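Working notes, structure below.
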Amino acid sequence: MVTELGVDRVELSDEGVRIVWKDGHESFYTGKYLRVNCACAECVEEWTQRQILDPATVDANIKAEDYLPIGRYALQFLWSDTHYTGIYPFEILRKMCDCGECGD
């Protein structure tokens with residue numbers, strides 16, 4: 001049985017982003033971790049998948065200032081560096097969780 005991922009709540013803070021999933025699991029991501037892993041066309045070369053964004057250029061204190069739900073499958077963040085084009089699918093966000101319970 002496949003369970004559809006869903007987000008119950010998103011909390012933004014200076015420390016990062018906390019996501020409470022519909023299954024009750026909670027994930028926490030620092031702003032820098034999410035921003036560096038943005039997969040939009042401004043950050044990753046479309047054809048080669050080469051990362052264009054240099055992680056060293058991302059401020060350690062970057063934060064998500066706001067977010068938008070994208071349908072029932074993703075979140076889009078507005079970053080303090082004014083970047084806003086990245087879409088983070090729930091499946092990818094869940095795979096990025098490094099809580100110890102998640103992962104392969």
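Lettering and numbering for the structure tokens are positional, with chains as A, B, ... in the shown order, residues counted from 1 in each chain, and ligands counted from 1 in the shown order.
For Leu34 (chain A), the list of residues within 10 Å, based on only C-alpha atoms and with local chain neighbours fewer than 6 positions off taken out, reads Gly16, Val17, Ile62, Lys63, Ala64, Phe77, Trp79, Gly86, Tyr88, Leu93 and Met96 of chain A.
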Given the selection you just returned, output its residues as a file containing N, CA and C atoms, formatted as a PDB file, in the first residue's frame.
```pdb
ATOM      1  N   GLY A  16      15.785  27.492  10.935  1.00  0.00           N
ATOM      2  CA  GLY A  16      15.514  26.650   9.780  1.00  0.00           C
ATOM      3  C   GLY A  16      14.034  26.420   9.536  1.00  0.00           C
ATOM      4  N   VAL A  17      13.743  25.296   8.911  1.00  0.00           N
ATOM      5  CA  VAL A  17      12.377  24.936   8.513  1.00  0.00           C
ATOM      6  C   VAL A  17      12.009  23.607   9.168  1.00  0.00           C
ATOM      7  N   ILE A  62      21.299  32.100   6.071  1.00  0.00           N
ATOM      8  CA  ILE A  62      20.158  32.276   5.161  1.00  0.00           C
ATOM      9  C   ILE A  62      18.920  31.653   5.800  1.00  0.00           C
ATOM     10  N   LYS A  63      17.774  32.257   5.546  1.00  0.00           N
ATOM     11  CA  LYS A  63      16.548  31.689   6.100  1.00  0.00           C
ATOM     12  C   LYS A  63      15.404  31.798   5.097  1.00  0.00           C
ATOM     13  N   ALA A  64      14.464  30.907   5.254  1.00  0.00           N
ATOM     14  CA  ALA A  64      13.232  30.952   4.478  1.00  0.00           C
ATOM     15  C   ALA A  64      12.339  31.993   5.139  1.00  0.00           C
ATOM     16  N   PHE A  77       9.928  28.055  -1.403  1.00  0.00           N
ATOM     17  CA  PHE A  77      10.361  28.970  -0.357  1.00  0.00           C
ATOM     18  C   PHE A  77      10.828  30.289  -0.942  1.00  0.00           C
ATOM     19  N   TRP A  79      13.557  32.867  -0.096  1.00  0.00           N
ATOM     20  CA  TRP A  79      14.766  32.913   0.717  1.00  0.00           C
ATOM     21  C   TRP A  79      15.195  34.346   0.991  1.00  0.00           C
ATOM     22  N   GLY A  86      12.879  27.876  -6.705  1.00  0.00           N
ATOM     23  CA  GLY A  86      12.978  26.445  -6.445  1.00  0.00           C
ATOM     24  C   GLY A  86      11.691  25.851  -5.908  1.00  0.00           C
ATOM     25  N   TYR A  88      10.338  22.371  -4.058  1.00  0.00           N
ATOM     26  CA  TYR A  88      10.815  21.226  -3.298  1.00  0.00           C
ATOM     27  C   TYR A  88       9.682  20.213  -3.159  1.00  0.00           C
ATOM     28  N   LEU A  93      11.891  16.306  -0.221  1.00  0.00           N
ATOM     29  CA  LEU A  93      12.072  16.817   1.139  1.00  0.00           C
ATOM     30  C   LEU A  93      12.156  15.674   2.149  1.00  0.00           C
ATOM     31  N   MET A  96      15.395  14.019   2.018  1.00  0.00           N
ATOM     32  CA  MET A  96      16.464  14.892   2.547  1.00  0.00           C
ATOM     33  C   MET A  96      16.483  14.895   4.073  1.00  0.00           C
TER      34      MET A  96
END
```
* Just list the residues in chain A DSSP gives alpha helix (DSSP H) on the backbone, as an NGL selection string. => :A and (31-36 or 90-96)
* Hey, which of A:His83, A:Arg9, A:Arg72, A:Lys95 ends up closest to Asp23 (chain A)? Count only C-alpha atoms. ->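 Closest to Asp23 (chain A) of all the choices is A:Arg9.
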* To do: Counting only C-alpha atoms, figure out which residue out of A:Tyr67, A:Tyr73, A:Tyr84, A:Trp21 gets nearest to Ala39 (chain A).
  =>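 Answer, going by the shortest atom-to-atom distance: A:Tyr84.
Restricting the calculation to only C-alpha atoms, the smallest distance between Val7 (chain A) and any of A:Gln76, A:Ile92, A:Pro69, A:Cys38 is found for A:Pro69.
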* Return as an NGL selection string the full set of residues in chain A whose backbone-based DSSP assignment is strand (DSSP E). => :A and (7-12 or 17-21 or 26-29 or 64-70 or 74-79 or 87-89)
Any chance you could export the current selection's C-alpha atoms as a short mmCIF file (atom, residue, chain, number, x, y, z; two decimals), in the first residue's frame?
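This is the output file part.cif:
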```cif
data_model
loop_
_atom_site.label_atom_id
_atom_site.label_comp_id
_atom_site.auth_asym_id
_atom_site.auth_seq_id
_atom_site.Cartn_x
_atom_site.Cartn_y
_atom_site.Cartn_z
CA VAL A 7 2.39 18.19 4.92
CA ASP A 8 0.34 19.04 7.98
CA ARG A 9 2.32 22.11 9.08
CA VAL A 10 5.39 24.17 8.09
CA GLU A 11 7.18 26.30 10.66
CA LEU A 12 9.80 28.86 9.64
CA VAL A 17 12.38 24.94 8.51
CA ARG A 18 10.38 22.37 10.46
CA ILE A 19 7.88 20.24 8.57
CA VAL A 20 5.25 18.18 10.34
CA TRP A 21 4.10 15.50 7.94
CA GLU A 26 8.72 15.80 11.92
CA SER A 27 11.66 16.90 9.79
CA PHE A 28 14.00 19.82 10.43
CA TYR A 29 16.26 21.42 7.81
CA ALA A 64 13.23 30.95 4.48
CA GLU A 65 11.14 34.08 4.95
CA ASP A 66 7.93 32.64 3.52
CA TYR A 67 6.65 29.64 1.60
CA LEU A 68 3.89 28.64 -0.79
CA PRO A 69 2.30 25.22 -1.13
CA ILE A 70 2.51 24.02 -4.73
CA ALA A 74 5.60 20.50 -3.12
CA LEU A 75 6.67 23.65 -1.29
CA GLN A 76 8.30 26.78 -2.69
CA PHE A 77 10.36 28.97 -0.36
CA LEU A 78 11.19 32.66 -0.51
CA TRP A 79 14.77 32.91 0.72
CA ILE A 87 10.22 23.92 -5.91
CA TYR A 88 10.82 21.23 -3.30
CA PRO A 89 8.62 18.16 -3.93
#
```
